[in-house]
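Presented below is the structure to which this report refers.
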Amino acid sequence: RSKSKRPDPGAKPNWIAPKGPKGRFKLVAFDLDGTLLRGFDFSWRLIWDHLGFPDSLRKKGMQRYLAHEIAYREWCEWCVEHFREAGLARSAFREIAKRATVTKNLEVALKRLRKEGLLTAIVSGGVDALLYEMIPKADELFDYIFINRLQFDDSDALTGIVPTMYDYEGKPIAIEKIC
């Protein structure tokens with residue numbers, strides 16, 4: 001693109017963050033599932049498996065979302081309704097977390113990044129209950145966390161979800177928002 005040409009407002013923006021002092025970036029953003037947490041593909045799938053649902057049911061819901069039959073929020077709510085019916089409790093994440101590991105030297109690396117003046121973020125379509133089970137100090141280690149937030153009542157029972165607006169196509173928007 002020529003520098004003299006005005007950007008097309010309908011065009012996809014260049015999502016690369018501006019470089020900070022001395023040519024360094026100002027932000028390091030991570031996905032959760034398969035990046036910070038290892039041993040599985042998606043945290044949602046860990047929950048489905050833990051609750052004993054047939055994989056065909058999980059796939060059916062995901063196919064409906066990918067085919068644009070339902071919105072992301074509706075997919076999240078559909079999943080949570082199944083999880084509620086199966087009796088998912090906050091305490092179940094202790095067991096669910098046993099199938100995952102935290103990336104080696106994560107805390108050391110994050111502290112180093114922050115010491116160097118970089119902001120840190122998680123931008124994930126994963127589930128907060130697994131994040132906090134695996135990385136209890138996440139709020140101290142990350143400046144920003146964009147993730148699906150499960151809601152539990154005082155008796156530990158799942159009551160709902162606050163879906164992230166920043167999964168799939170929304171991830172670059174979260175990064176732009178931080179910048």
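Quick note on naming: the chains in the structure tokens go A, B, ... in the order shown, residues restart at 1 in each chain, and ligands are numbered from 1 in order of appearance.
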
Output as number ranges by chain all residues of stretch 5-175 of chain A that backbone DSSP marks as strand (DSSP E).
-> A: 27-30, 37-38, 101-102, 119-127, 144-152, 158-162

Those residues with N, CA and C atoms, as a short mmCIF file (atom, residue, chain, number, x, y, z; two decimals), in the first residue's frame please?
data_model
loop_
_atom_site.label_atom_id
_atom_site.label_comp_id
_atom_site.auth_asym_id
_atom_site.auth_seq_id
_atom_site.Cartn_x
_atom_site.Cartn_y
_atom_site.Cartn_z
N LEU A 27 3.73 -5.52 23.95
CA LEU A 27 2.76 -6.49 24.44
C LEU A 27 3.12 -7.89 23.96
N VAL A 28 2.97 -8.85 24.86
CA VAL A 28 3.07 -10.26 24.50
C VAL A 28 1.75 -10.90 24.92
N ALA A 29 1.01 -11.41 23.94
CA ALA A 29 -0.29 -12.02 24.20
C ALA A 29 -0.23 -13.52 23.91
N PHE A 30 -0.87 -14.30 24.76
CA PHE A 30 -0.84 -15.75 24.66
C PHE A 30 -2.25 -16.31 24.54
N LEU A 37 -1.20 -23.85 28.66
CA LEU A 37 -1.57 -25.14 29.25
C LEU A 37 -1.41 -26.21 28.19
N ARG A 38 -0.79 -27.31 28.55
CA ARG A 38 -0.47 -28.37 27.59
C ARG A 38 -1.16 -29.67 27.96
N THR A 101 -0.93 -29.72 31.93
CA THR A 101 0.27 -29.21 32.60
C THR A 101 0.48 -27.76 32.18
N VAL A 102 1.14 -27.02 33.04
CA VAL A 102 1.49 -25.64 32.75
C VAL A 102 2.81 -25.64 31.98
N LEU A 119 3.82 -5.58 28.49
CA LEU A 119 2.53 -5.99 29.01
C LEU A 119 2.30 -7.44 28.61
N THR A 120 1.57 -8.17 29.45
CA THR A 120 1.26 -9.57 29.15
C THR A 120 -0.26 -9.75 29.15
N ALA A 121 -0.71 -10.63 28.25
CA ALA A 121 -2.15 -10.85 28.13
C ALA A 121 -2.43 -12.29 27.76
N ILE A 122 -3.61 -12.74 28.15
CA ILE A 122 -4.18 -14.00 27.66
C ILE A 122 -5.39 -13.60 26.83
N VAL A 123 -5.44 -14.10 25.60
CA VAL A 123 -6.60 -13.90 24.75
C VAL A 123 -7.01 -15.29 24.30
N SER A 124 -8.08 -15.81 24.92
CA SER A 124 -8.41 -17.22 24.77
C SER A 124 -9.91 -17.47 24.72
N GLY A 125 -10.26 -18.49 23.99
CA GLY A 125 -11.64 -18.98 24.01
C GLY A 125 -11.79 -20.09 25.03
N GLY A 126 -10.77 -20.27 25.87
CA GLY A 126 -10.80 -21.29 26.91
C GLY A 126 -11.70 -20.89 28.07
N VAL A 127 -11.56 -21.62 29.15
CA VAL A 127 -12.44 -21.48 30.31
C VAL A 127 -11.64 -21.00 31.52
N TYR A 144 -3.77 -8.37 31.28
CA TYR A 144 -5.10 -8.48 30.69
C TYR A 144 -5.43 -9.96 30.51
N ILE A 145 -6.68 -10.32 30.80
CA ILE A 145 -7.15 -11.68 30.57
C ILE A 145 -8.52 -11.59 29.89
N PHE A 146 -8.56 -12.06 28.65
CA PHE A 146 -9.80 -12.16 27.89
C PHE A 146 -10.11 -13.64 27.75
N ILE A 147 -11.19 -14.10 28.39
CA ILE A 147 -11.49 -15.53 28.44
C ILE A 147 -12.97 -15.73 28.78
N ASN A 148 -13.50 -16.89 28.49
CA ASN A 148 -14.86 -17.23 28.90
C ASN A 148 -14.90 -17.41 30.42
N ARG A 149 -15.87 -16.80 31.05
CA ARG A 149 -15.95 -16.85 32.52
C ARG A 149 -17.20 -17.62 32.96
N LEU A 150 -16.93 -18.79 33.54
CA LEU A 150 -18.03 -19.59 34.08
C LEU A 150 -18.49 -18.96 35.38
N GLN A 151 -19.78 -19.07 35.65
CA GLN A 151 -20.35 -18.52 36.88
C GLN A 151 -20.84 -19.66 37.75
N PHE A 152 -20.53 -19.56 39.04
CA PHE A 152 -20.91 -20.58 40.01
C PHE A 152 -21.61 -19.90 41.17
N LEU A 158 -22.57 -24.74 38.84
CA LEU A 158 -22.51 -23.90 37.65
C LEU A 158 -23.86 -23.24 37.42
N THR A 159 -23.85 -21.94 37.22
CA THR A 159 -25.11 -21.22 36.99
C THR A 159 -25.17 -20.55 35.62
N GLY A 160 -24.02 -20.32 35.00
CA GLY A 160 -24.04 -19.63 33.72
C GLY A 160 -22.65 -19.34 33.21
N ILE A 161 -22.61 -18.46 32.22
CA ILE A 161 -21.33 -18.09 31.60
C ILE A 161 -21.40 -16.65 31.11
N VAL A 162 -20.27 -15.99 31.18
CA VAL A 162 -20.07 -14.72 30.51
C VAL A 162 -19.09 -15.02 29.38
#

Give the helix (DSSP H, G or I) residues of stretch 119-152 of chain A, as DSSP finds them on the backbone, and put them as a PyMOL selection string.
-> chain A and resi 128-134+138-141

Go ahead and save the residues from that selection, with all heavy atoms, as a PDB file, in the first residue's frame.
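Output below, filename result-v7.pdb:
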ATOM      1  N   ASP A 128     -12.128 -19.945  32.165  1.00  0.00           N
ATOM      2  CA  ASP A 128     -11.415 -19.347  33.284  1.00  0.00           C
ATOM      3  C   ASP A 128     -11.214 -20.287  34.460  1.00  0.00           C
ATOM      4  O   ASP A 128     -10.184 -20.226  35.135  1.00  0.00           O
ATOM      5  CB  ASP A 128     -12.095 -18.064  33.740  1.00  0.00           C
ATOM      6  CG  ASP A 128     -13.439 -18.276  34.412  1.00  0.00           C
ATOM      7  OD1 ASP A 128     -14.134 -19.281  34.105  1.00  0.00           O
ATOM      8  OD2 ASP A 128     -13.825 -17.429  35.243  1.00  0.00           O
ATOM      9  N   ALA A 129     -12.160 -21.169  34.727  1.00  0.00           N
ATOM     10  CA  ALA A 129     -12.030 -22.071  35.877  1.00  0.00           C
ATOM     11  C   ALA A 129     -10.808 -22.970  35.726  1.00  0.00           C
ATOM     12  O   ALA A 129     -10.114 -23.251  36.710  1.00  0.00           O
ATOM     13  CB  ALA A 129     -13.290 -22.909  36.054  1.00  0.00           C
ATOM     14  N   LEU A 130     -10.501 -23.404  34.513  1.00  0.00           N
ATOM     15  CA  LEU A 130      -9.300 -24.206  34.285  1.00  0.00           C
ATOM     16  C   LEU A 130      -8.055 -23.327  34.407  1.00  0.00           C
ATOM     17  O   LEU A 130      -7.070 -23.736  35.024  1.00  0.00           O
ATOM     18  CB  LEU A 130      -9.346 -24.887  32.914  1.00  0.00           C
ATOM     19  CG  LEU A 130      -8.170 -25.812  32.623  1.00  0.00           C
ATOM     20  CD1 LEU A 130      -8.107 -26.966  33.622  1.00  0.00           C
ATOM     21  CD2 LEU A 130      -8.252 -26.343  31.200  1.00  0.00           C
ATOM     22  N   LEU A 131      -8.104 -22.131  33.858  1.00  0.00           N
ATOM     23  CA  LEU A 131      -6.976 -21.199  33.993  1.00  0.00           C
ATOM     24  C   LEU A 131      -6.604 -21.013  35.459  1.00  0.00           C
ATOM     25  O   LEU A 131      -5.445 -21.174  35.844  1.00  0.00           O
ATOM     26  CB  LEU A 131      -7.327 -19.841  33.370  1.00  0.00           C
ATOM     27  CG  LEU A 131      -6.391 -18.681  33.735  1.00  0.00           C
ATOM     28  CD1 LEU A 131      -5.000 -18.898  33.164  1.00  0.00           C
ATOM     29  CD2 LEU A 131      -6.988 -17.360  33.272  1.00  0.00           C
ATOM     30  N   TYR A 132      -7.578 -20.673  36.296  1.00  0.00           N
ATOM     31  CA  TYR A 132      -7.286 -20.369  37.695  1.00  0.00           C
ATOM     32  C   TYR A 132      -6.960 -21.616  38.512  1.00  0.00           C
ATOM     33  O   TYR A 132      -6.287 -21.519  39.538  1.00  0.00           O
ATOM     34  CB  TYR A 132      -8.422 -19.558  38.319  1.00  0.00           C
ATOM     35  CG  TYR A 132      -8.461 -18.161  37.736  1.00  0.00           C
ATOM     36  CD1 TYR A 132      -9.494 -17.770  36.892  1.00  0.00           C
ATOM     37  CD2 TYR A 132      -7.448 -17.252  38.003  1.00  0.00           C
ATOM     38  CE1 TYR A 132      -9.519 -16.500  36.341  1.00  0.00           C
ATOM     39  CE2 TYR A 132      -7.460 -15.985  37.453  1.00  0.00           C
ATOM     40  CZ  TYR A 132      -8.496 -15.609  36.619  1.00  0.00           C
ATOM     41  OH  TYR A 132      -8.509 -14.362  36.069  1.00  0.00           O
ATOM     42  N   GLU A 133      -7.407 -22.754  38.071  1.00  0.00           N
ATOM     43  CA  GLU A 133      -7.009 -24.001  38.735  1.00  0.00           C
ATOM     44  C   GLU A 133      -5.543 -24.294  38.454  1.00  0.00           C
ATOM     45  O   GLU A 133      -4.813 -24.737  39.331  1.00  0.00           O
ATOM     46  CB  GLU A 133      -7.886 -25.162  38.254  1.00  0.00           C
ATOM     47  CG  GLU A 133      -7.711 -26.432  39.045  1.00  0.00           C
ATOM     48  CD  GLU A 133      -8.127 -26.307  40.512  1.00  0.00           C
ATOM     49  OE1 GLU A 133      -9.153 -25.684  40.818  1.00  0.00           O
ATOM     50  OE2 GLU A 133      -7.385 -26.872  41.356  1.00  0.00           O
ATOM     51  N   MET A 134      -5.132 -24.048  37.228  1.00  0.00           N
ATOM     52  CA  MET A 134      -3.761 -24.358  36.809  1.00  0.00           C
ATOM     53  C   MET A 134      -2.771 -23.230  37.130  1.00  0.00           C
ATOM     54  O   MET A 134      -1.612 -23.479  37.420  1.00  0.00           O
ATOM     55  CB  MET A 134      -3.725 -24.638  35.303  1.00  0.00           C
ATOM     56  CG  MET A 134      -4.586 -25.799  34.843  1.00  0.00           C
ATOM     57  SD  MET A 134      -3.995 -27.390  35.436  1.00  0.00           S
ATOM     58  CE  MET A 134      -2.399 -27.503  34.693  1.00  0.00           C
ATOM     59  N   ALA A 138      -2.808 -16.051  38.095  1.00  0.00           N
ATOM     60  CA  ALA A 138      -2.941 -15.478  36.750  1.00  0.00           C
ATOM     61  C   ALA A 138      -3.193 -13.974  36.783  1.00  0.00           C
ATOM     62  O   ALA A 138      -2.622 -13.234  35.974  1.00  0.00           O
ATOM     63  CB  ALA A 138      -4.047 -16.186  35.972  1.00  0.00           C
ATOM     64  N   ASP A 139      -4.004 -13.500  37.707  1.00  0.00           N
ATOM     65  CA  ASP A 139      -4.305 -12.070  37.761  1.00  0.00           C
ATOM     66  C   ASP A 139      -3.078 -11.232  38.107  1.00  0.00           C
ATOM     67  O   ASP A 139      -3.006 -10.061  37.748  1.00  0.00           O
ATOM     68  CB  ASP A 139      -5.430 -11.788  38.757  1.00  0.00           C
ATOM     69  CG  ASP A 139      -6.770 -12.302  38.276  1.00  0.00           C
ATOM     70  OD1 ASP A 139      -6.974 -12.397  37.049  1.00  0.00           O
ATOM     71  OD2 ASP A 139      -7.621 -12.626  39.127  1.00  0.00           O
ATOM     72  N   GLU A 140      -2.111 -11.822  38.799  1.00  0.00           N
ATOM     73  CA  GLU A 140      -0.866 -11.122  39.124  1.00  0.00           C
ATOM     74  C   GLU A 140       0.124 -11.200  37.962  1.00  0.00           C
ATOM     75  O   GLU A 140       0.932 -10.289  37.778  1.00  0.00           O
ATOM     76  CB  GLU A 140      -0.215 -11.746  40.361  1.00  0.00           C
ATOM     77  CG  GLU A 140      -1.011 -11.633  41.627  1.00  0.00           C
ATOM     78  CD  GLU A 140      -0.419 -12.486  42.740  1.00  0.00           C
ATOM     79  OE1 GLU A 140       0.809 -12.687  42.771  1.00  0.00           O
ATOM     80  OE2 GLU A 140      -1.205 -12.966  43.578  1.00  0.00           O
ATOM     81  N   LEU A 141       0.075 -12.288  37.217  1.00  0.00           N
ATOM     82  CA  LEU A 141       1.057 -12.526  36.155  1.00  0.00           C
ATOM     83  C   LEU A 141       0.703 -11.865  34.828  1.00  0.00           C
ATOM     84  O   LEU A 141       1.583 -11.625  34.010  1.00  0.00           O
ATOM     85  CB  LEU A 141       1.233 -14.033  35.942  1.00  0.00           C
ATOM     86  CG  LEU A 141       1.799 -14.803  37.125  1.00  0.00           C
ATOM     87  CD1 LEU A 141       1.692 -16.296  36.883  1.00  0.00           C
ATOM     88  CD2 LEU A 141       3.245 -14.392  37.376  1.00  0.00           C
TER      89      LEU A 141
END

If we count only C-alpha atoms, what is near A:Glu81 at a cut-off of 12 Å, once residues fewer than 3 positions away on the same chain are taken out, given as a list of chain:residue names?
->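 Listing them by chain and then by number gives A:Trp48, A:Gly61, A:Glu74, A:Trp75, A:Cys76, A:Glu77, A:Trp78, A:Arg84, A:Glu85, A:Ala86, A:Gly87, A:Leu88, A:Leu150, A:Leu158, A:Thr159, A:Gly160, A:Ile161.
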
Separation of atom CA of A:Arg58 from atom CA of A:Trp44, in Å and rounded to one decimal | 9.1 Å

When you draw a straight line from atom CA of A:Ala97 to atom CA of A:Asp33, how long is it in Å?
->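 Between atom CA of A:Ala97 and atom CA of A:Asp33 the gap is 12.0 Å.
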
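Closest approach to A:Met165 from the set A:Cys179, A:Phe40, A:Ile47, A:Arg73 is made by A:Arg73, with distances taken over only C-alpha atoms.
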
Point-to-point distance in Å for atom CA of A:Arg45 and atom CA of A:Tyr65 = 15.0 Å
